[in-house]
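Peer 1: So here's query.cif (mmCIF, C-alpha atoms and all ligand atoms).
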data_final
#
loop_
_atom_site.group_PDB
_atom_site.id
_atom_site.type_symbol
_atom_site.label_atom_id
_atom_site.label_comp_id
_atom_site.auth_asym_id
_atom_site.auth_seq_id
_atom_site.Cartn_x
_atom_site.Cartn_y
_atom_site.Cartn_z
ATOM 1 C CA MET A 877 1.200 -47.903 -19.706
ATOM 2 C CA ALA A 878 1.305 -44.786 -21.839
ATOM 3 C CA TYR A 879 -1.940 -43.651 -20.294
ATOM 4 C CA LYS A 880 -0.665 -44.157 -16.793
ATOM 5 C CA PHE A 881 2.518 -42.235 -17.581
ATOM 6 C CA LEU A 882 0.484 -39.329 -18.905
ATOM 7 C CA LEU A 883 -1.643 -39.310 -15.784
ATOM 8 C CA ILE A 884 1.400 -39.104 -13.531
ATOM 9 C CA CYS A 885 2.739 -36.231 -15.609
ATOM 10 C CA LEU A 886 -0.529 -34.375 -15.299
ATOM 11 C CA MET A 887 -0.600 -34.868 -11.577
ATOM 12 C CA ALA A 888 2.901 -33.464 -11.271
ATOM 13 C CA VAL A 889 1.882 -30.119 -12.764
ATOM 14 C CA PRO A 890 1.852 -27.643 -9.885
ATOM 15 C CA ALA A 891 -1.437 -25.996 -9.056
ATOM 16 C CA LYS A 892 -1.490 -22.534 -10.620
ATOM 17 C CA ALA A 893 -4.518 -20.979 -8.963
ATOM 18 C CA LEU A 894 -3.363 -18.207 -6.657
ATOM 19 C CA ASP A 895 -4.804 -19.378 -3.398
ATOM 20 C CA ASP A 896 -3.629 -22.917 -3.909
ATOM 21 C CA THR A 897 -0.021 -21.808 -3.730
ATOM 22 C CA LYS A 898 -0.130 -21.734 0.047
ATOM 23 C CA GLU A 899 3.244 -22.535 1.393
ATOM 24 C CA CYS A 900 3.346 -24.387 4.647
ATOM 25 C CA LYS A 901 6.077 -22.181 6.020
ATOM 26 C CA PRO A 902 4.973 -20.526 9.237
ATOM 27 C CA ILE A 903 5.623 -16.805 9.498
ATOM 28 C CA LEU A 904 5.395 -15.036 12.798
ATOM 29 C CA TYR A 905 3.212 -11.961 12.308
ATOM 30 C CA ASP A 906 1.916 -9.994 15.281
ATOM 31 C CA GLY A 907 2.887 -12.868 17.604
ATOM 32 C CA LYS A 908 0.896 -15.534 15.723
ATOM 33 C CA TYR A 909 1.797 -17.999 13.010
ATOM 34 C CA HIS A 910 0.627 -17.213 9.507
ATOM 35 C CA SER A 911 1.109 -18.696 6.090
ATOM 36 C CA GLU A 912 1.898 -16.894 2.858
ATOM 37 C CA GLN A 913 -0.476 -16.655 -0.054
ATOM 38 C CA LEU A 914 1.021 -15.425 -3.289
ATOM 39 C CA VAL A 915 -1.342 -12.796 -4.652
ATOM 40 C CA LYS A 916 0.900 -11.904 -7.612
ATOM 41 C CA THR A 917 4.277 -13.097 -8.844
ATOM 42 C CA ASP A 918 6.324 -12.316 -11.977
ATOM 43 C CA ILE A 919 6.224 -8.623 -11.242
ATOM 44 C CA TYR A 920 8.889 -5.979 -10.591
ATOM 45 C CA LYS A 921 8.780 -3.730 -7.515
ATOM 46 C CA PRO A 922 5.048 -3.638 -6.791
ATOM 47 C CA SER A 923 4.238 -0.773 -4.436
ATOM 48 C CA SER A 924 1.553 1.673 -3.326
ATOM 49 C CA LEU A 925 -0.903 -1.069 -2.354
ATOM 50 C CA ALA A 926 -4.474 0.030 -1.610
ATOM 51 C CA VAL A 927 -7.606 -2.040 -0.981
ATOM 52 C CA ASP A 928 -11.247 -1.270 -1.619
ATOM 53 C CA ARG A 929 -12.429 -3.429 1.269
ATOM 54 C CA LYS A 930 -16.047 -3.668 0.192
ATOM 55 C CA THR A 931 -15.225 -5.395 -3.072
ATOM 56 C CA ASN A 932 -11.906 -6.753 -1.739
ATOM 57 C CA THR A 933 -10.085 -5.274 -4.697
ATOM 58 C CA LEU A 934 -6.361 -4.731 -4.309
ATOM 59 C CA TYR A 935 -4.770 -1.947 -6.376
ATOM 60 C CA TYR A 936 -1.019 -1.497 -6.819
ATOM 61 C CA SER A 937 1.556 -0.028 -9.131
ATOM 62 C CA TYR A 938 4.664 -1.728 -10.471
ATOM 63 C CA ILE A 939 7.622 -0.992 -12.688
ATOM 64 C CA HIS A 940 7.471 -1.917 -16.335
ATOM 65 C CA ARG A 941 11.010 -2.411 -17.586
ATOM 66 C CA THR A 942 11.551 -1.575 -21.213
ATOM 67 C CA LYS A 943 14.187 0.884 -22.500
ATOM 68 C CA GLU A 944 12.693 3.470 -20.227
ATOM 69 C CA ILE A 945 11.253 2.780 -16.809
ATOM 70 C CA THR A 946 7.526 3.337 -16.708
ATOM 71 C CA TYR A 947 4.953 2.684 -14.028
ATOM 72 C CA LYS A 948 1.878 0.595 -14.539
ATOM 73 C CA THR A 949 -1.126 0.024 -12.325
ATOM 74 C CA ALA A 950 -3.234 -3.076 -11.855
ATOM 75 C CA LYS A 951 -5.963 -4.487 -9.659
ATOM 76 C CA VAL A 952 -6.719 -7.970 -8.376
ATOM 77 C CA ASN A 953 -10.033 -9.057 -6.972
ATOM 78 C CA LEU A 954 -8.909 -10.979 -3.888
ATOM 79 C CA ARG A 955 -12.067 -13.103 -3.927
ATOM 80 C CA THR A 956 -12.341 -14.072 -7.587
ATOM 81 C CA LYS A 957 -8.620 -13.573 -8.429
ATOM 82 C CA GLU A 958 -9.615 -11.594 -11.503
ATOM 83 C CA TYR A 959 -6.618 -9.510 -12.608
ATOM 84 C CA VAL A 960 -6.909 -6.296 -14.639
ATOM 85 C CA GLU A 961 -4.255 -3.828 -15.815
ATOM 86 C CA LEU A 962 -5.563 -0.291 -15.504
ATOM 87 C CA ASP A 963 -5.560 1.899 -18.577
ATOM 88 C CA VAL A 964 -3.800 4.792 -16.829
ATOM 89 C CA ASN A 965 -0.611 6.380 -18.119
ATOM 90 C CA ASN A 966 2.297 6.170 -15.669
ATOM 91 C CA GLY A 967 0.239 5.746 -12.522
ATOM 92 C CA PHE A 968 2.464 5.533 -9.505
ATOM 93 C CA SER A 969 0.631 6.143 -6.232
ATOM 94 C CA ILE A 970 -2.854 4.862 -5.374
ATOM 95 C CA THR A 971 -5.437 5.557 -2.676
ATOM 96 C CA VAL A 972 -9.069 4.500 -2.262
ATOM 97 C CA ASP A 973 -12.047 6.550 -1.102
ATOM 98 C CA GLU A 974 -13.704 3.665 0.714
ATOM 99 C CA LYS A 975 -17.045 5.387 1.189
ATOM 100 C CA HIS A 976 -17.569 5.889 -2.541
ATOM 101 C CA HIS A 977 -15.363 3.016 -3.777
ATOM 102 C CA VAL A 978 -13.278 5.225 -5.972
ATOM 103 C CA ALA A 979 -9.555 4.821 -6.565
ATOM 104 C CA TYR A 980 -7.344 7.857 -7.167
ATOM 105 C CA ILE A 981 -4.073 7.424 -8.978
ATOM 106 C CA GLY A 982 -1.177 9.866 -8.883
ATOM 107 C CA GLY A 983 1.499 10.002 -11.579
ATOM 108 C CA TYR A 984 3.875 12.314 -13.445
ATOM 109 C CA LYS A 985 1.019 14.255 -14.989
ATOM 110 C CA GLY A 986 -1.257 14.674 -11.996
ATOM 111 C CA VAL A 987 -4.024 12.796 -10.189
ATOM 112 C CA TYR A 988 -6.506 10.595 -12.030
ATOM 113 C CA LYS A 989 -9.896 9.470 -10.796
ATOM 114 C CA TYR A 990 -10.317 5.861 -11.856
ATOM 115 C CA ASN A 991 -13.502 4.813 -13.634
ATOM 116 C CA GLU A 992 -14.205 1.145 -13.121
ATOM 117 C CA ARG A 993 -16.515 0.794 -16.130
ATOM 118 C CA SER A 994 -14.167 2.221 -18.722
ATOM 119 C CA ASN A 995 -11.038 1.052 -16.850
ATOM 120 C CA LYS A 996 -9.579 4.513 -17.543
ATOM 121 C CA GLY A 997 -8.408 7.376 -15.385
ATOM 122 C CA HIS A 998 -9.849 10.854 -15.703
ATOM 123 C CA LEU A 999 -7.217 13.528 -14.974
ATOM 124 C CA ILE A 1000 -8.785 15.693 -12.251
ATOM 125 C CA ILE A 1001 -5.635 17.461 -11.016
ATOM 126 C CA PRO A 1002 -3.424 18.161 -14.037
ATOM 127 C CA GLY A 1003 0.073 19.613 -14.181
ATOM 128 C CA VAL A 1004 1.475 18.233 -10.925
ATOM 129 C CA ASN A 1005 4.130 15.572 -10.548
ATOM 130 C CA ILE A 1006 2.703 13.412 -7.769
ATOM 131 C CA TRP A 1007 4.739 11.588 -5.174
ATOM 132 C CA ASN A 1008 1.906 10.219 -3.039
ATOM 133 C CA VAL A 1009 -1.872 10.365 -2.612
ATOM 134 C CA PHE A 1010 -4.050 9.720 0.438
ATOM 135 C CA TYR A 1011 -7.818 9.861 0.871
ATOM 136 C CA LYS A 1012 -9.613 10.746 4.095
ATOM 137 C CA ASN A 1013 -12.881 12.656 3.594
ATOM 138 C CA ALA A 1014 -10.897 14.600 0.991
ATOM 139 C CA LEU A 1015 -8.049 13.857 -1.360
ATOM 140 C CA TYR A 1016 -4.565 14.773 -0.182
ATOM 141 C CA TYR A 1017 -1.516 14.645 -2.399
ATOM 142 C CA ILE A 1018 2.197 15.250 -2.022
ATOM 143 C CA GLU A 1019 3.951 17.021 -4.870
ATOM 144 C CA PHE A 1020 7.194 15.422 -5.970
ATOM 145 C CA LEU A 1021 10.421 17.231 -5.139
ATOM 146 C CA SER A 1022 8.840 20.060 -3.155
ATOM 147 C CA GLN A 1023 7.260 17.282 -1.006
ATOM 148 C CA LYS A 1024 4.498 19.683 -0.059
ATOM 149 C CA ILE A 1025 1.055 18.368 0.920
ATOM 150 C CA TYR A 1026 -2.065 19.747 -0.725
ATOM 151 C CA LYS A 1027 -5.691 19.094 0.084
ATOM 152 C CA TYR A 1028 -8.064 18.861 -2.869
ATOM 153 C CA GLN A 1029 -11.691 19.709 -2.244
ATOM 154 C CA ASP A 1030 -14.511 21.131 -4.371
ATOM 155 C CA GLY A 1031 -12.237 21.230 -7.401
ATOM 156 C CA LYS A 1032 -9.528 23.272 -5.697
ATOM 157 C CA SER A 1033 -6.070 22.481 -4.292
ATOM 158 C CA ILE A 1034 -4.926 24.275 -1.192
ATOM 159 C CA PRO A 1035 -1.731 23.783 0.844
ATOM 160 C CA PHE A 1036 -2.463 21.570 3.857
ATOM 161 C CA GLY A 1037 -1.930 24.009 6.713
ATOM 162 C CA GLU A 1038 -1.205 21.396 9.397
ATOM 163 C CA LEU A 1039 2.023 20.314 7.703
ATOM 164 C CA SER A 1040 2.792 23.237 5.420
ATOM 165 C CA GLU A 1041 6.181 23.954 6.984
ATOM 166 C CA ILE A 1042 7.854 20.633 6.254
ATOM 167 C CA LYS A 1043 8.647 18.213 3.456
ATOM 168 C CA VAL A 1044 6.561 15.054 3.836
ATOM 169 C CA TYR A 1045 7.095 11.675 2.177
ATOM 170 C CA TYR A 1046 4.347 9.449 3.602
ATOM 171 C CA PHE A 1047 1.354 10.447 5.641
ATOM 172 C CA VAL A 1048 -2.020 9.208 6.926
ATOM 173 C CA ILE A 1049 -4.823 10.558 9.106
ATOM 174 C CA ASP A 1050 -6.576 8.028 11.355
ATOM 175 C CA ASP A 1051 -10.212 7.981 12.529
ATOM 176 C CA GLU A 1052 -9.368 10.211 15.504
ATOM 177 C CA ASN A 1053 -7.802 12.920 13.319
ATOM 178 C CA TYR A 1054 -4.335 11.871 14.362
ATOM 179 C CA MET A 1055 -1.680 12.223 11.673
ATOM 180 C CA VAL A 1056 1.345 9.981 11.275
ATOM 181 C CA TYR A 1057 3.938 11.093 8.763
ATOM 182 C CA SER A 1058 7.535 10.607 7.735
ATOM 183 C CA ASN A 1059 10.135 12.956 6.339
ATOM 184 C CA GLY A 1060 13.900 12.896 5.877
ATOM 185 C CA THR A 1061 14.598 12.863 9.613
ATOM 186 C CA GLY A 1062 12.048 10.521 11.146
ATOM 187 C CA ILE A 1063 8.516 9.296 11.807
ATOM 188 C CA TYR A 1064 6.224 11.660 13.677
ATOM 189 C CA GLY A 1065 2.683 11.852 15.047
ATOM 190 C CA LYS A 1066 0.466 14.856 15.645
ATOM 191 C CA GLN A 1067 -3.132 15.381 16.674
ATOM 192 C CA MET A 1068 -4.705 17.703 14.114
ATOM 193 C CA GLY A 1069 -5.357 21.147 15.470
ATOM 194 C CA THR A 1070 -2.623 20.924 18.115
ATOM 195 C CA LYS A 1071 1.025 21.913 18.095
ATOM 196 C CA ASP A 1072 2.677 18.999 19.923
ATOM 197 C CA THR A 1073 4.603 16.569 17.769
ATOM 198 C CA ILE A 1074 5.502 13.065 18.953
ATOM 199 C CA THR A 1075 8.723 11.587 17.593
ATOM 200 C CA TYR A 1076 8.351 7.847 16.954
ATOM 201 C CA LYS A 1077 11.663 7.215 15.291
ATOM 202 C CA LYS A 1078 14.655 9.233 14.159
ATOM 203 C CA PHE A 1079 16.855 8.500 11.155
ATOM 204 C CA ASP A 1080 18.639 10.383 8.444
ATOM 205 C CA SER A 1081 17.449 8.886 5.158
ATOM 206 C CA VAL A 1082 14.269 9.217 3.135
ATOM 207 C CA ASP A 1083 14.768 5.637 1.993
ATOM 208 C CA ILE A 1084 13.853 3.989 5.313
ATOM 209 C CA VAL A 1085 10.075 4.412 5.266
ATOM 210 C CA ARG A 1086 8.375 2.649 2.351
ATOM 211 C CA ASP A 1087 4.731 3.086 3.211
ATOM 212 C CA ILE A 1088 2.349 4.235 5.946
ATOM 213 C CA THR A 1089 -1.180 2.845 5.962
ATOM 214 C CA LEU A 1090 -4.265 2.194 8.080
ATOM 215 C CA ASP A 1091 -5.718 -1.216 8.835
ATOM 216 C CA ARG A 1092 -9.444 -1.921 8.888
ATOM 217 C CA ASN A 1093 -9.689 -0.833 12.534
ATOM 218 C CA GLY A 1094 -7.951 2.465 11.947
ATOM 219 C CA LYS A 1095 -4.576 1.434 13.399
ATOM 220 C CA VAL A 1096 -1.517 2.926 11.706
ATOM 221 C CA TYR A 1097 1.191 0.664 10.260
ATOM 222 C CA ILE A 1098 4.563 1.615 8.856
ATOM 223 C CA ALA A 1099 6.623 -0.432 6.414
ATOM 224 C CA THR A 1100 10.356 0.212 6.586
ATOM 225 C CA ASN A 1101 13.367 -1.331 4.880
ATOM 226 C CA GLU A 1102 13.687 -3.843 7.743
ATOM 227 C CA GLY A 1103 10.212 -4.623 9.012
ATOM 228 C CA ILE A 1104 6.602 -3.642 9.519
ATOM 229 C CA TYR A 1105 5.605 -1.694 12.624
ATOM 230 C CA ARG A 1106 2.342 -0.716 14.301
ATOM 231 C CA VAL A 1107 2.013 2.708 15.902
ATOM 232 C CA ASN A 1108 1.046 2.618 19.569
ATOM 233 C CA LYS A 1109 -0.399 6.059 20.264
ATOM 234 C CA VAL A 1110 -0.856 5.373 24.000
ATOM 235 C CA HIS A 1111 2.751 4.358 24.641
ATOM 236 C CA GLU A 1112 3.998 6.663 21.890
ATOM 237 C CA ASN A 1113 6.156 4.000 20.328
ATOM 238 C CA LEU A 1114 6.358 1.553 17.445
ATOM 239 C CA GLU A 1115 5.756 -2.199 17.824
ATOM 240 C CA LYS A 1116 7.412 -4.461 15.310
ATOM 241 C CA VAL A 1117 4.827 -6.901 13.942
ATOM 242 C CA LEU A 1118 6.716 -8.463 11.047
ATOM 243 C CA GLU A 1119 10.353 -9.153 10.343
ATOM 244 C CA VAL A 1120 10.739 -8.546 6.632
ATOM 245 C CA GLN A 1121 13.572 -7.123 4.569
ATOM 246 C CA GLU A 1122 12.807 -4.606 1.845
ATOM 247 C CA ALA A 1123 9.015 -4.384 1.891
ATOM 248 C CA TYR A 1124 7.860 -1.984 -0.821
ATOM 249 C CA GLY A 1125 4.250 -1.448 0.149
ATOM 250 C CA MET A 1126 1.395 -2.798 2.271
ATOM 251 C CA ALA A 1127 -2.371 -2.733 2.769
ATOM 252 C CA PHE A 1128 -5.049 -4.606 4.724
ATOM 253 C CA ASP A 1129 -7.873 -6.509 3.047
ATOM 254 C CA GLY A 1130 -11.553 -6.705 4.034
ATOM 255 C CA GLU A 1131 -10.783 -9.309 6.697
ATOM 256 C CA ASN A 1132 -7.858 -7.262 7.946
ATOM 257 C CA HIS A 1133 -5.214 -9.637 6.597
ATOM 258 C CA LEU A 1134 -1.884 -7.981 5.965
ATOM 259 C CA ILE A 1135 -0.853 -7.772 2.312
ATOM 260 C CA TYR A 1136 2.648 -6.580 1.525
ATOM 261 C CA SER A 1137 4.929 -6.477 -1.472
ATOM 262 C CA LYS A 1138 8.587 -7.239 -1.945
ATOM 263 C CA GLU A 1139 10.816 -6.960 -4.988
ATOM 264 C CA ASP A 1140 9.078 -9.584 -7.129
ATOM 265 C CA ALA A 1141 5.786 -10.538 -5.447
ATOM 266 C CA VAL A 1142 2.666 -9.448 -3.597
ATOM 267 C CA ILE A 1143 1.974 -11.597 -0.537
ATOM 268 C CA ARG A 1144 -0.985 -11.988 1.805
ATOM 269 C CA LEU A 1145 -0.569 -13.397 5.305
ATOM 270 C CA VAL A 1146 -3.428 -15.521 6.647
ATOM 271 C CA PRO A 1147 -3.623 -17.273 10.026
ATOM 272 C CA GLN A 1148 -1.881 -20.569 9.505
ATOM 273 C CA ASP A 1149 -4.092 -23.355 8.261
ATOM 274 C CA CYS A 1150 -1.471 -25.887 7.248
ATOM 275 C CA ILE A 1151 -0.093 -28.611 9.510
ATOM 276 C CA GLN A 1152 3.613 -28.657 10.218
ATOM 277 C CA ASP A 1153 5.515 -31.863 11.051
HETATM 278 C C1 LIG B 1 10.528 16.476 9.938
HETATM 279 O O1 LIG B 1 9.380 16.680 10.748
HETATM 280 C C2 LIG B 1 9.660 17.069 12.088
HETATM 281 C C3 LIG B 1 8.379 17.075 12.892
HETATM 282 O O2 LIG B 1 7.368 17.785 12.263
HETATM 283 C C4 LIG B 1 10.370 18.420 12.074
HETATM 284 O O3 LIG B 1 10.683 18.822 13.389
HETATM 285 C C5 LIG B 1 11.642 18.298 11.242
HETATM 286 O O4 LIG B 1 12.274 19.558 11.128
HETATM 287 C C6 LIG B 1 11.330 17.768 9.848
HETATM 288 N N1 LIG B 1 12.560 17.511 9.137
HETATM 289 C C7 LIG B 1 12.771 18.002 7.938
HETATM 290 C C8 LIG B 1 14.074 17.659 7.302
HETATM 291 O O5 LIG B 1 11.947 18.689 7.348
#
Please re-express this file's structure in structure tokens.
Ligand SMILES: *[C@@H]1O[C@H](CO)[C@@H](O)[C@H](O)[C@H]1NC(C)=O

Peer 2:
Amino acid sequence: MAYKFLLICLMAVPAKALDDTKECKPILYDGKYHSEQLVKTDIYKPSSLAVDRKTNTLYYSYIHRTKEITYKTAKVNLRTKEYVELDVNNGFSITVDEKHHVAYIGGYKGVYKYNERSNKGHLIIPGVNIWNVFYKNALYYIEFLSQKIYKYQDGKSIPFGELSEIKVYYFVIDDENYMVYSNGTGIYGKQMGTKDTITYKKFDSVDIVRDITLDRNGKVYIATNEGIYRVNKVHENLEKVLEVQEAYGMAFDGENHLIYSKEDAVIRLVPQDCIQD
């Protein structure tokens, strides 16, 4: 009897492995049903998600709450589930050079180049308080408070001429050299080397846009406080693909699955493989 009781108790222990916590709760994403996989829980405000798609490694930062608020960075191998906290001081914003599989981490003290072997960051751009970093053939960074974009190449930082006149909060360049960026008044698009600016959305708060990123096919996605949108360059508008309140960051994995974060978790959406009654 005692043995049987023990067995039942053991069976009642919920599966802890990440991918086993699939909830059979269909979520409509991009017009199709998906289920949620919890990539990470027990975490506070994870943001700045970035994926090295070759190794399927997800990087992100999160807030460490002690007496003072500090930022920490971590990575999860989406295949093996191996989780590592990066040994980088106050890393806040992350981007990946996919060609060379190098992560760059921006923080209060500048931009670090992450070394996978030592698990440490090497400070390559010191003395700048970084708001955001983005990699596309070169490293771009936005300086905090001035919100100015700089391009870093061959060991030198130069103001990014294309957007030198305005304060920028989030920005990407797609495969066709088309820029999508946000500032305090809206979301805009611009072909590099031209003057015409497309207005995708107007608002009056810097708190609306949470992240702008590219998927595996080079499409631009924008996370806002009330949903995730895809940029349609042909129709010059935004298509809502996911209804979600307060997303903090997003990225796409090697199979182009959407990963996004909310206040206390990082979630991956996969085409639904559970049967609903
Ligand atoms: C935001 O960017 C747009 C388009 O580049 C520009 O017209 C506008 O003045 C900018 N707003 C601010 C507050 O800088």

Peer 1: Hey, can you check how far atom CA of A:Val1044 sits from atom CA of A:Tyr1016?

Peer 2: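 Value for the atom CA of A:Val1044-atom CA of A:Tyr1016 distance: 11.8 Å.
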
Peer 1: Can you give me, as a ChimeraX atom specification, the residues this file yields under the PyMOL selection byres (((not hetatm)) within 10 of (chain B and resi 1))?

Peer 2: /A:1023,1038-1045,1056-1066,1071-1075,1078,1080-1082

Peer 1: Nearest to A:Lys1032 among A:Pro1002, A:Glu1019, A:Ile981, A:Lys948, with distances taken over all atoms listed in the file: which residue is it?

Peer 2: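 Nearest to A:Lys1032: A:Pro1002.
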
Peer 1: So, with only C-alpha atoms as the atoms that count, which of A:Leu1118, A:Ile1135, A:Ala1141, A:Val972 lies closest to A:Tyr905?

Peer 2: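 When distances to A:Tyr905 are compared using only C-alpha atoms, the smallest one comes from A:Leu1118.
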
Peer 1: For the file shown, report as a ChimeraX atom specification the outcome of the PyMOL selection byres (((chain A and resi 1103) around 7) and not hetatm) at residue level.

Peer 2: /A:1099-1102,1104-1105,1116,1118-1121

Peer 1: Evaluate the PyMOL selection byres (((chain A and resi 909) around 10) and not hetatm) here and jot the selected residues down as a ChimeraX atom specification.

Peer 2: /A:901-908,910-911,1145-1149

Peer 1: Do you have the atom CA of A:Thr942-atom CA of A:Glu992 distance handy?

Peer 2: 27.1 Å

Peer 1: Name the closest residue to A:Asp1091 among the candidates A:Val927, A:Ala1014, A:Pro922, A:Tyr1124; distances are taken between atoms, counting all atoms listed in the file.

Peer 2: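 With all atoms listed in the file as the atom set, the closest residue is A:Val927.
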
Peer 1: Need the shell around A:Gly983: protein/DNA/RNA residues with any atom at most 9 Å away, counting all atoms listed in the file. Skip same-chain ones fewer than 4 positions apart. Format as a count of residues only?

Peer 2: 13

Peer 1: Report as a PyMOL selection string all protein, DNA and RNA residues lying within 7 Å of A:Arg955, evaluated on all atoms listed in the file, omitting residues in the same chain fewer than 2 positions from it.

Peer 2: chain A and resi 932+953+957

Peer 1: Write the residues of the selection above to a file with C-alpha atoms, as a tab-separated table (two decimals), in the coordinates of the input.

Peer 2:
chain	number	residue	atom	x	y	z
A	932	ASN	CA	-11.91	-6.75	-1.74
A	953	ASN	CA	-10.03	-9.06	-6.97
A	957	LYS	CA	-8.62	-13.57	-8.43

Peer 1: Rounded to one decimal in Å, what is the spacing between atom CA of A:Thr1070 and atom CA of A:Phe1036?

Peer 2: 14.3 Å

Peer 1: Please tell me which residues are no farther than 12 Å from (-13.3, 3.8, -17.1) in the file, counting all atoms listed in the file, and write them as number ranges by chain.

Peer 2: A: 961-964, 978-979, 988-999

Peer 1: Kindly add N, CA and C atoms to the incomplete stretch 980-998 of chain A and provide the output as a JSON list (two decimals), in the coordinates of the input.

Peer 2:
[["chain", "number", "residue", "atom", "x", "y", "z"],
["A", 980, "TYR", "N", -8.04, 6.70, -6.61],
["A", 980, "TYR", "CA", -7.34, 7.86, -7.17],
["A", 980, "TYR", "C", -5.89, 7.45, -7.42],
["A", 981, "ILE", "N", -5.40, 7.85, -8.58],
["A", 981, "ILE", "CA", -4.07, 7.42, -8.98],
["A", 981, "ILE", "C", -3.22, 8.64, -9.30],
["A", 982, "GLY", "N", -2.10, 8.76, -8.63],
["A", 982, "GLY", "CA", -1.18, 9.87, -8.88],
["A", 982, "GLY", "C", -0.04, 9.42, -9.78],
["A", 983, "GLY", "N", 0.39, 10.31, -10.67],
["A", 983, "GLY", "CA", 1.50, 10.00, -11.58],
["A", 983, "GLY", "C", 2.24, 11.26, -11.98],
["A", 984, "TYR", "N", 3.07, 11.17, -13.00],
["A", 984, "TYR", "CA", 3.88, 12.31, -13.44],
["A", 984, "TYR", "C", 3.02, 13.49, -13.86],
["A", 985, "LYS", "N", 1.82, 13.19, -14.37],
["A", 985, "LYS", "CA", 1.02, 14.26, -14.99],
["A", 985, "LYS", "C", -0.09, 14.78, -14.09],
["A", 986, "GLY", "N", -0.22, 14.21, -12.91],
["A", 986, "GLY", "CA", -1.26, 14.67, -12.00],
["A", 986, "GLY", "C", -2.00, 13.53, -11.35],
["A", 987, "VAL", "N", -3.22, 13.82, -10.86],
["A", 987, "VAL", "CA", -4.02, 12.80, -10.19],
["A", 987, "VAL", "C", -5.21, 12.42, -11.08],
["A", 988, "TYR", "N", -5.40, 11.12, -11.26],
["A", 988, "TYR", "CA", -6.51, 10.60, -12.03],
["A", 988, "TYR", "C", -7.55, 10.00, -11.09],
["A", 989, "LYS", "N", -8.82, 10.17, -11.48],
["A", 989, "LYS", "CA", -9.90, 9.47, -10.80],
["A", 989, "LYS", "C", -10.21, 8.26, -11.67],
["A", 990, "TYR", "N", -10.16, 7.08, -11.07],
["A", 990, "TYR", "CA", -10.32, 5.86, -11.86],
["A", 990, "TYR", "C", -11.79, 5.52, -12.06],
["A", 991, "ASN", "N", -12.14, 5.22, -13.31],
["A", 991, "ASN", "CA", -13.50, 4.81, -13.63],
["A", 991, "ASN", "C", -13.51, 3.32, -13.91],
["A", 992, "GLU", "N", -14.21, 2.60, -13.04],
["A", 992, "GLU", "CA", -14.20, 1.14, -13.12],
["A", 992, "GLU", "C", -14.80, 0.63, -14.43],
["A", 993, "ARG", "N", -15.84, 1.29, -14.93],
["A", 993, "ARG", "CA", -16.52, 0.79, -16.13],
["A", 993, "ARG", "C", -15.65, 0.89, -17.37],
["A", 994, "SER", "N", -15.00, 2.04, -17.52],
["A", 994, "SER", "CA", -14.17, 2.22, -18.72],
["A", 994, "SER", "C", -12.74, 1.72, -18.50],
["A", 995, "ASN", "N", -12.39, 1.45, -17.24],
["A", 995, "ASN", "CA", -11.04, 1.05, -16.85],
["A", 995, "ASN", "C", -10.01, 2.15, -17.14],
["A", 996, "LYS", "N", -10.48, 3.40, -17.24],
["A", 996, "LYS", "CA", -9.58, 4.51, -17.54],
["A", 996, "LYS", "C", -9.53, 5.48, -16.37],
["A", 997, "GLY", "N", -8.51, 6.33, -16.39],
["A", 997, "GLY", "CA", -8.41, 7.38, -15.38],
["A", 997, "GLY", "C", -8.76, 8.72, -15.99],
["A", 998, "HIS", "N", -9.51, 9.51, -15.25],
["A", 998, "HIS", "CA", -9.85, 10.85, -15.70],
["A", 998, "HIS", "C", -8.97, 11.83, -14.92]]
